[in-house]
Amino acid sequence: MKFMKIGTKPDTFYTQEASRILITDTPNDLVIRINNTTYHLHRSSLVPKCGLLQRLCTDSEESDTVTIELNDIPGGADAFELCAKFCYGITINLSAHNLVNVLCASKFLRMSDSVEKGNLLPKLEAFFHSCVLQGWKDSIVTLQSTAKLPEWCENLGIIRKCVDSIVEKILTPIAEVSWSHTYTRPGYAKRQHHSVPRDWWTEDISDLDLDLFRCVITAARSTFTLQPQLIGEALHVYTCRWLPYFKSNSHSGFSVKENEAALERHRRVVNTVVNMIPADKGSVSEGFLLRLVSIASYVGASLTTKTELIRKAGLQLEEANLEDLLLRSHSSSHHHRYDTDLVATVLESFLMLWRRQSSAHVSSNNSQLLHSIRKVAKLIDSYLQAVAQDVHMSFTKFLSLAEAVPDIARESHDRLYKAINIYLKVHPEIGKEEKKQLCRSLDCQKLSAEVRAHAVKNERMPLRTVVQALFFDQESSSKGASSRLESQELGSRGKEAPRDIHSNMHKLHLGPAETASIGKAKNILEGRGKRGEEKIRSSTDPKKMVRKGRGSEHKHHISRDR
């Protein structure tokens, strides 16, 4: 931090009640009133250096005491006192912290070289240009101090010059960054020969007021040389700095009662940050967007802001991880732990975009779209496993989220089965019809052998789901046996083997295996009563069982796709 010292005399001002008086043998003949403070001074010291006081004292007699009110002086009484001390030759210390106020006050008092050579104003301007603007933190501190006098600083060009200086340093090549800066990210330790991180500047500018921060970011973006990811990182750091609950993922982060003024400040931060997010996909992380969506709802951000946030979050939902989705609900009307409504809304936005792209893109791009939606499906199924453990989790919301994922998205149903099983275990009170509704989305053919074996023995599952799991488990075993038989026959018969493969397959599918599977089903379901036995008897024809199961599932899939 740069400092400038002017004057050599000791400070002889003292306070008496609401007055500031200078210890001297000369009687006071100039009274300056600034709001609630009164200064008792001398015209002989101040008038020669202050053009404004020269004009105001023109008509007064030398023997009279002149009283002047300067309530509108920029910087107030503190800035005026520093100017007055300069006139007396008393030592004053100037830095980026108080420069702006004194500079504006001296401009107001017209303390220029045209009034007297070696005056205060040109000294301050020289210090500003040659020292303050050359330093990184000096420029930021000075810019921040302009927030109290925005009109004066705008007219004097102080804001523009500070912003230009800051942006110039931000765009400096990493190898040439030699000035002190603040960087306290986890995992980063400063060493003597440690390279400067690309986002070295983000923490320091996060100290700026919102409007000044926006000026710096806008100016930096207008150069078209700063990467969108760096802009996004600056927005992330600023949001963490000014939204106290942004990094908190607990109820306590939202339970603190805030007054309307605090909510308004936070609302302005959210609206402004969202407007500054670069359009480039990946400029900010998905976790950052989801947290912003949650906070935007809490602070009452504008509908435009929330809509844009949801669109951006849906655009890159596939980049999220489970922790990003586990956002606590802060609504007083919700008893469940997690904000499933937020996840459902973002998922809906993603699916709308996915369907639009699927219908517009040619087949060469379908593999990428398929990969994208399957990645999201795995994420949602993992999320369902997490929220299923909440005893207050609504059945309707859980079911709706499970059914929102298209059939094509789930390559395997293992994760979905585990989520449903957890929900049934944690919510034993739900009825048979609700269990059936939950398992409608479950395709037993897409379960792994291990999970199917678990489903067969799972008493929490509906009877029909158990039977289907058992049959497909046996069918899978039959296919494995037929494949081995086919291999043996091909080895022994050579080219004649293909003629008998279908007949052997037919024998395998319709032979004793099905009888064995039905017997096994009876044994497993024996504990469920006569009603279970009657149902299993009506399902003894494997072809009808599979055809009936697949038909109902197919109808359900069509209705959900619509």
# chains A, B, ... in the order shown; residues from 1 in each chain; ligands from 1

$ residues_around --residues "Val405 of chain A" --least-positions-apart "6" --cutoff "10 Å" --atoms "only C-alpha atoms" --output "list in words"
Leu347, Glu348, Leu351, Ile373, Arg374, Val376, Ala377, Lys378, Ile380, Asp381, Ser441, Arg560 and Asp561 of chain A

$ write_last_selection --atoms "C-alpha atoms" --output "PDB file, in the first residue's frame"
ATOM      1  CA  LEU A 347     -34.823 -32.181 -14.919  1.00  0.00           C
ATOM      2  CA  GLU A 348     -37.894 -31.071 -16.852  1.00  0.00           C
ATOM      3  CA  LEU A 351     -35.668 -33.165 -20.934  1.00  0.00           C
ATOM      4  CA  ILE A 373     -29.551 -38.751 -21.041  1.00  0.00           C
ATOM      5  CA  ARG A 374     -28.247 -42.048 -19.676  1.00  0.00           C
ATOM      6  CA  VAL A 376     -28.628 -37.997 -16.190  1.00  0.00           C
ATOM      7  CA  ALA A 377     -30.762 -41.085 -15.560  1.00  0.00           C
ATOM      8  CA  LYS A 378     -28.025 -42.623 -13.404  1.00  0.00           C
ATOM      9  CA  ILE A 380     -31.505 -39.135 -10.871  1.00  0.00           C
ATOM     10  CA  ASP A 381     -31.676 -42.773  -9.726  1.00  0.00           C
ATOM     11  CA  SER A 441     -41.350 -48.065 -13.933  1.00  0.00           C
ATOM     12  CA  ARG A 560     -45.570 -41.709 -19.874  1.00  0.00           C
ATOM     13  CA  ASP A 561     -43.814 -40.761 -23.079  1.00  0.00           C
TER      14      ASP A 561
END

$ atom_distance --atom1 "atom CA of Leu401 of chain A" --atom2 "atom CA of Val270 of chain A"
27.6 Å

$ closest_residue --among "A:Asp72, A:Asp207, A:Glu459, A:Asp324" --to "Leu149 of chain A" --atoms "only C-alpha atoms"
A:Asp72

$ closest_residue --among "A:Met276, A:Val269, A:Leu52, A:Ile420" --to "Leu210 of chain A" --atoms "only C-alpha atoms"
A:Val269

$ select_by_dssp --residues "segment 73-102 of chain A" --states "alpha helix (DSSP H)" --output "number ranges by chain"
A: 76-88, 99-102

$ write_last_selection --atoms "all heavy atoms" --output "short mmCIF file (atom, residue, chain, number, x, y, z; two decimals), in the first residue's frame"
data_model
loop_
_atom_site.label_atom_id
_atom_site.label_comp_id
_atom_site.auth_asym_id
_atom_site.auth_seq_id
_atom_site.Cartn_x
_atom_site.Cartn_y
_atom_site.Cartn_z
N GLY A 76 -17.29 15.28 3.80
CA GLY A 76 -17.71 15.76 5.10
C GLY A 76 -16.59 16.43 5.90
O GLY A 76 -15.58 16.89 5.36
N ALA A 77 -16.78 16.47 7.21
CA ALA A 77 -15.87 17.18 8.11
C ALA A 77 -14.47 16.58 8.11
O ALA A 77 -13.47 17.30 8.19
CB ALA A 77 -16.44 17.18 9.52
N ASP A 78 -14.34 15.25 8.00
CA ASP A 78 -13.03 14.62 8.03
C ASP A 78 -12.18 15.05 6.84
O ASP A 78 -10.97 15.34 6.99
CB ASP A 78 -13.18 13.09 8.03
CG ASP A 78 -13.79 12.58 9.32
OD1 ASP A 78 -13.70 13.29 10.34
OD2 ASP A 78 -14.35 11.46 9.31
N ALA A 79 -12.78 15.08 5.65
CA ALA A 79 -12.03 15.49 4.46
C ALA A 79 -11.65 16.97 4.55
O ALA A 79 -10.53 17.36 4.18
CB ALA A 79 -12.86 15.22 3.20
N PHE A 80 -12.58 17.81 5.04
CA PHE A 80 -12.27 19.24 5.18
C PHE A 80 -11.12 19.46 6.16
O PHE A 80 -10.25 20.31 5.92
CB PHE A 80 -13.50 20.00 5.65
CG PHE A 80 -13.21 21.42 6.01
CD1 PHE A 80 -13.07 22.39 5.02
CD2 PHE A 80 -13.04 21.80 7.33
CE1 PHE A 80 -12.77 23.71 5.34
CE2 PHE A 80 -12.74 23.11 7.66
CZ PHE A 80 -12.60 24.07 6.66
N GLU A 81 -11.10 18.72 7.25
CA GLU A 81 -10.06 18.91 8.24
C GLU A 81 -8.68 18.61 7.67
O GLU A 81 -7.69 19.31 7.98
CB GLU A 81 -10.33 18.05 9.47
CG GLU A 81 -9.33 18.29 10.60
CD GLU A 81 -9.77 17.70 11.92
OE1 GLU A 81 -10.99 17.75 12.23
OE2 GLU A 81 -8.91 17.16 12.64
N LEU A 82 -8.57 17.59 6.84
CA LEU A 82 -7.28 17.28 6.21
C LEU A 82 -6.84 18.42 5.28
O LEU A 82 -5.66 18.78 5.23
CB LEU A 82 -7.37 15.97 5.44
CG LEU A 82 -7.46 14.69 6.29
CD1 LEU A 82 -7.70 13.48 5.41
CD2 LEU A 82 -6.19 14.53 7.12
N CYS A 83 -7.82 19.01 4.57
CA CYS A 83 -7.50 20.15 3.71
C CYS A 83 -7.04 21.36 4.55
O CYS A 83 -6.10 22.08 4.18
CB CYS A 83 -8.71 20.53 2.86
SG CYS A 83 -9.18 19.28 1.63
N ALA A 84 -7.73 21.57 5.68
CA ALA A 84 -7.38 22.68 6.56
C ALA A 84 -5.99 22.48 7.17
O ALA A 84 -5.19 23.43 7.26
CB ALA A 84 -8.43 22.82 7.66
N LYS A 85 -5.67 21.28 7.56
CA LYS A 85 -4.34 20.99 8.12
C LYS A 85 -3.25 21.25 7.08
O LYS A 85 -2.15 21.72 7.43
CB LYS A 85 -4.28 19.54 8.61
CG LYS A 85 -5.06 19.30 9.89
CD LYS A 85 -4.97 17.84 10.33
CE LYS A 85 -5.73 17.63 11.64
NZ LYS A 85 -5.68 16.21 12.09
N PHE A 86 -3.53 20.93 5.82
CA PHE A 86 -2.56 21.22 4.77
C PHE A 86 -2.29 22.73 4.71
O PHE A 86 -1.13 23.17 4.55
CB PHE A 86 -3.08 20.72 3.42
CG PHE A 86 -2.28 21.20 2.25
CD1 PHE A 86 -1.08 20.59 1.90
CD2 PHE A 86 -2.72 22.30 1.50
CE1 PHE A 86 -0.33 21.06 0.82
CE2 PHE A 86 -1.98 22.76 0.43
CZ PHE A 86 -0.78 22.15 0.09
N CYS A 87 -3.35 23.52 4.85
CA CYS A 87 -3.20 24.98 4.79
C CYS A 87 -2.32 25.50 5.94
O CYS A 87 -1.59 26.48 5.79
CB CYS A 87 -4.56 25.66 4.85
SG CYS A 87 -5.61 25.30 3.40
N TYR A 88 -2.36 24.83 7.08
CA TYR A 88 -1.55 25.23 8.23
C TYR A 88 -0.15 24.59 8.21
O TYR A 88 0.67 24.91 9.07
CB TYR A 88 -2.25 24.83 9.54
CG TYR A 88 -3.41 25.73 9.91
CD1 TYR A 88 -4.72 25.34 9.68
CD2 TYR A 88 -3.17 26.98 10.49
CE1 TYR A 88 -5.78 26.17 10.03
CE2 TYR A 88 -4.23 27.81 10.84
CZ TYR A 88 -5.53 27.41 10.61
OH TYR A 88 -6.58 28.25 10.97
N LEU A 99 -7.77 8.96 0.08
CA LEU A 99 -7.43 9.84 -1.03
C LEU A 99 -8.65 10.41 -1.74
O LEU A 99 -8.70 11.62 -2.03
CB LEU A 99 -6.55 9.08 -2.04
CG LEU A 99 -6.20 9.84 -3.32
CD1 LEU A 99 -5.37 11.08 -3.00
CD2 LEU A 99 -5.48 8.93 -4.30
N VAL A 100 -9.62 9.59 -2.01
CA VAL A 100 -10.78 10.03 -2.80
C VAL A 100 -11.52 11.16 -2.09
O VAL A 100 -11.87 12.18 -2.71
CB VAL A 100 -11.73 8.84 -3.07
CG1 VAL A 100 -13.07 9.33 -3.62
CG2 VAL A 100 -11.09 7.86 -4.04
N ASN A 101 -11.76 11.01 -0.80
CA ASN A 101 -12.50 12.05 -0.07
C ASN A 101 -11.74 13.38 -0.07
O ASN A 101 -12.34 14.45 -0.30
CB ASN A 101 -12.73 11.60 1.38
CG ASN A 101 -13.80 10.54 1.49
OD1 ASN A 101 -14.56 10.30 0.54
ND2 ASN A 101 -13.87 9.88 2.63
N VAL A 102 -10.43 13.34 0.17
CA VAL A 102 -9.64 14.57 0.19
C VAL A 102 -9.52 15.17 -1.20
O VAL A 102 -9.58 16.40 -1.37
CB VAL A 102 -8.24 14.29 0.78
CG1 VAL A 102 -7.43 15.58 0.85
CG2 VAL A 102 -8.36 13.67 2.16
#

$ residues_around --residues "Leu171 of chain A" --least-positions-apart "6" --cutoff "10 Å" --atoms "only C-alpha atoms" --output "number ranges by chain"
A: 177, 201, 220, 223, 225-226

$ write_last_selection --atoms "C-alpha atoms" --output "short mmCIF file (atom, residue, chain, number, x, y, z; two decimals), in the first residue's frame"
data_model
loop_
_atom_site.label_atom_id
_atom_site.label_comp_id
_atom_site.auth_asym_id
_atom_site.auth_seq_id
_atom_site.Cartn_x
_atom_site.Cartn_y
_atom_site.Cartn_z
CA VAL A 177 2.19 -10.80 -12.36
CA TRP A 201 -7.41 -11.63 -9.11
CA ALA A 220 -12.93 -7.10 -18.63
CA THR A 223 -11.90 -6.90 -24.23
CA THR A 225 -9.57 -11.77 -24.17
CA LEU A 226 -10.68 -13.21 -20.83
#

$ select_by_dssp --residues "segment 39-197 of chain A" --states "strand (DSSP E or B)" --output "number ranges by chain"
A: 39-41, 66-69, 90, 92-95

$ residues_around --residues "Leu235 of chain A" --least-positions-apart "3" --cutoff "9 Å" --atoms "only C-alpha atoms" --output "list of chain:residue names"
A:Thr202, A:Ser206, A:Ile217, A:Leu230, A:Ile231, A:Gly232, A:Tyr238, A:Thr239, A:Cys240, A:Val273, A:Val274, A:Met276, A:Ile277, A:Val284

$ write_last_selection --atoms "all heavy atoms" --output "short mmCIF file (atom, residue, chain, number, x, y, z; two decimals), in the first residue's frame"
data_model
loop_
_atom_site.label_atom_id
_atom_site.label_comp_id
_atom_site.auth_asym_id
_atom_site.auth_seq_id
_atom_site.Cartn_x
_atom_site.Cartn_y
_atom_site.Cartn_z
N THR A 202 -9.43 -12.87 -8.52
CA THR A 202 -10.87 -12.95 -8.22
C THR A 202 -11.21 -12.60 -6.77
O THR A 202 -12.27 -12.01 -6.51
CB THR A 202 -11.38 -14.37 -8.54
OG1 THR A 202 -10.59 -15.34 -7.84
CG2 THR A 202 -11.28 -14.65 -10.04
N SER A 206 -13.56 -9.22 -5.23
CA SER A 206 -14.82 -9.58 -4.57
C SER A 206 -15.13 -8.66 -3.40
O SER A 206 -16.24 -8.69 -2.86
CB SER A 206 -14.78 -11.04 -4.09
OG SER A 206 -13.88 -11.19 -3.01
N ILE A 217 -16.11 -6.34 -14.17
CA ILE A 217 -16.37 -7.54 -14.96
C ILE A 217 -16.81 -7.17 -16.38
O ILE A 217 -16.36 -7.77 -17.37
CB ILE A 217 -17.43 -8.42 -14.27
CG1 ILE A 217 -16.89 -8.97 -12.95
CG2 ILE A 217 -17.84 -9.56 -15.18
CD1 ILE A 217 -15.69 -9.86 -13.07
N LEU A 230 -12.95 -18.03 -16.40
CA LEU A 230 -12.40 -17.12 -15.40
C LEU A 230 -13.45 -16.11 -14.94
O LEU A 230 -13.51 -15.75 -13.77
CB LEU A 230 -11.18 -16.38 -15.98
CG LEU A 230 -9.93 -17.24 -16.15
CD1 LEU A 230 -8.81 -16.42 -16.78
CD2 LEU A 230 -9.48 -17.80 -14.81
N ILE A 231 -14.28 -15.66 -15.87
CA ILE A 231 -15.40 -14.79 -15.50
C ILE A 231 -16.32 -15.55 -14.54
O ILE A 231 -16.77 -15.01 -13.51
CB ILE A 231 -16.19 -14.33 -16.74
CG1 ILE A 231 -15.30 -13.48 -17.65
CG2 ILE A 231 -17.44 -13.57 -16.34
CD1 ILE A 231 -14.91 -12.15 -17.08
N GLY A 232 -16.61 -16.80 -14.88
CA GLY A 232 -17.46 -17.62 -14.02
C GLY A 232 -16.88 -17.82 -12.63
O GLY A 232 -17.59 -17.79 -11.63
N TYR A 238 -17.39 -14.08 -5.83
CA TYR A 238 -18.16 -12.93 -5.35
C TYR A 238 -19.45 -13.38 -4.65
O TYR A 238 -19.82 -12.83 -3.61
CB TYR A 238 -18.50 -12.01 -6.52
CG TYR A 238 -19.05 -10.67 -6.08
CD1 TYR A 238 -18.19 -9.63 -5.73
CD2 TYR A 238 -20.41 -10.45 -5.99
CE1 TYR A 238 -18.68 -8.41 -5.32
CE2 TYR A 238 -20.92 -9.22 -5.56
CZ TYR A 238 -20.05 -8.20 -5.23
OH TYR A 238 -20.54 -6.99 -4.80
N THR A 239 -20.10 -14.38 -5.22
CA THR A 239 -21.34 -14.89 -4.62
C THR A 239 -21.07 -15.48 -3.24
O THR A 239 -21.84 -15.26 -2.30
CB THR A 239 -21.97 -15.95 -5.54
OG1 THR A 239 -22.16 -15.39 -6.85
CG2 THR A 239 -23.31 -16.40 -5.00
N CYS A 240 -20.00 -16.25 -3.12
CA CYS A 240 -19.64 -16.82 -1.81
C CYS A 240 -19.32 -15.71 -0.80
O CYS A 240 -19.58 -15.86 0.39
CB CYS A 240 -18.43 -17.75 -1.95
SG CYS A 240 -18.78 -19.26 -2.88
N VAL A 273 -25.60 -11.17 -10.58
CA VAL A 273 -24.67 -12.26 -10.92
C VAL A 273 -25.21 -13.11 -12.07
O VAL A 273 -24.47 -13.46 -13.00
CB VAL A 273 -24.40 -13.13 -9.68
CG1 VAL A 273 -23.70 -14.44 -10.07
CG2 VAL A 273 -23.53 -12.38 -8.68
N VAL A 274 -26.49 -13.41 -12.02
CA VAL A 274 -27.09 -14.23 -13.09
C VAL A 274 -26.99 -13.51 -14.43
O VAL A 274 -26.70 -14.13 -15.46
CB VAL A 274 -28.56 -14.56 -12.75
CG1 VAL A 274 -29.25 -15.23 -13.94
CG2 VAL A 274 -28.62 -15.46 -11.53
N MET A 276 -24.71 -11.61 -15.38
CA MET A 276 -23.32 -11.55 -15.83
C MET A 276 -22.73 -12.91 -16.20
O MET A 276 -21.60 -12.98 -16.69
CB MET A 276 -22.45 -10.90 -14.75
CG MET A 276 -22.68 -9.41 -14.57
SD MET A 276 -21.40 -8.63 -13.56
CE MET A 276 -21.76 -9.34 -11.96
N ILE A 277 -23.47 -14.01 -15.97
CA ILE A 277 -22.94 -15.33 -16.31
C ILE A 277 -22.77 -15.43 -17.82
O ILE A 277 -23.71 -15.19 -18.58
CB ILE A 277 -23.89 -16.44 -15.82
CG1 ILE A 277 -23.97 -16.44 -14.29
CG2 ILE A 277 -23.43 -17.80 -16.33
CD1 ILE A 277 -24.94 -17.45 -13.73
N VAL A 284 -19.63 -21.68 -15.76
CA VAL A 284 -19.79 -21.90 -14.32
C VAL A 284 -20.20 -23.35 -14.11
O VAL A 284 -20.73 -23.99 -15.02
CB VAL A 284 -20.84 -20.95 -13.69
CG1 VAL A 284 -20.38 -19.51 -13.74
CG2 VAL A 284 -22.19 -21.09 -14.39
#

$ residues_around --residues "Tyr383 of chain A" --least-positions-apart "3" --cutoff "10 Å" --atoms "only C-alpha atoms" --output "PyMOL selection string"
chain A and resi 321-326+340+343+377-380+386-388+401-402+415-416+419

$ atom_distance --atom1 "atom CA of Thr37 of chain A" --atom2 "atom CA of Ser145 of chain A"
22.6 Å

$ atom_distance --atom1 "atom CA of Ile68 of chain A" --atom2 "atom CA of Asn119 of chain A"
21.7 Å

$ residues_around --residues "segment 104-118 of chain A" --least-positions-apart "5" --cutoff "6 Å" --atoms "only C-alpha atoms" --output "ChimeraX atom specification"
/A:49-52,74

$ residues_around --residues "Trp354 of chain A" --least-positions-apart "4" --cutoff "9 Å" --atoms "only C-alpha atoms" --output "ChimeraX atom specification"
/A:315,349-350,358-359,369,372-373

$ closest_residue --among "A:Ala301, A:Leu424, A:Cys439, A:Leu46" --to "Glu403 of chain A" --atoms "only C-alpha atoms"
A:Cys439
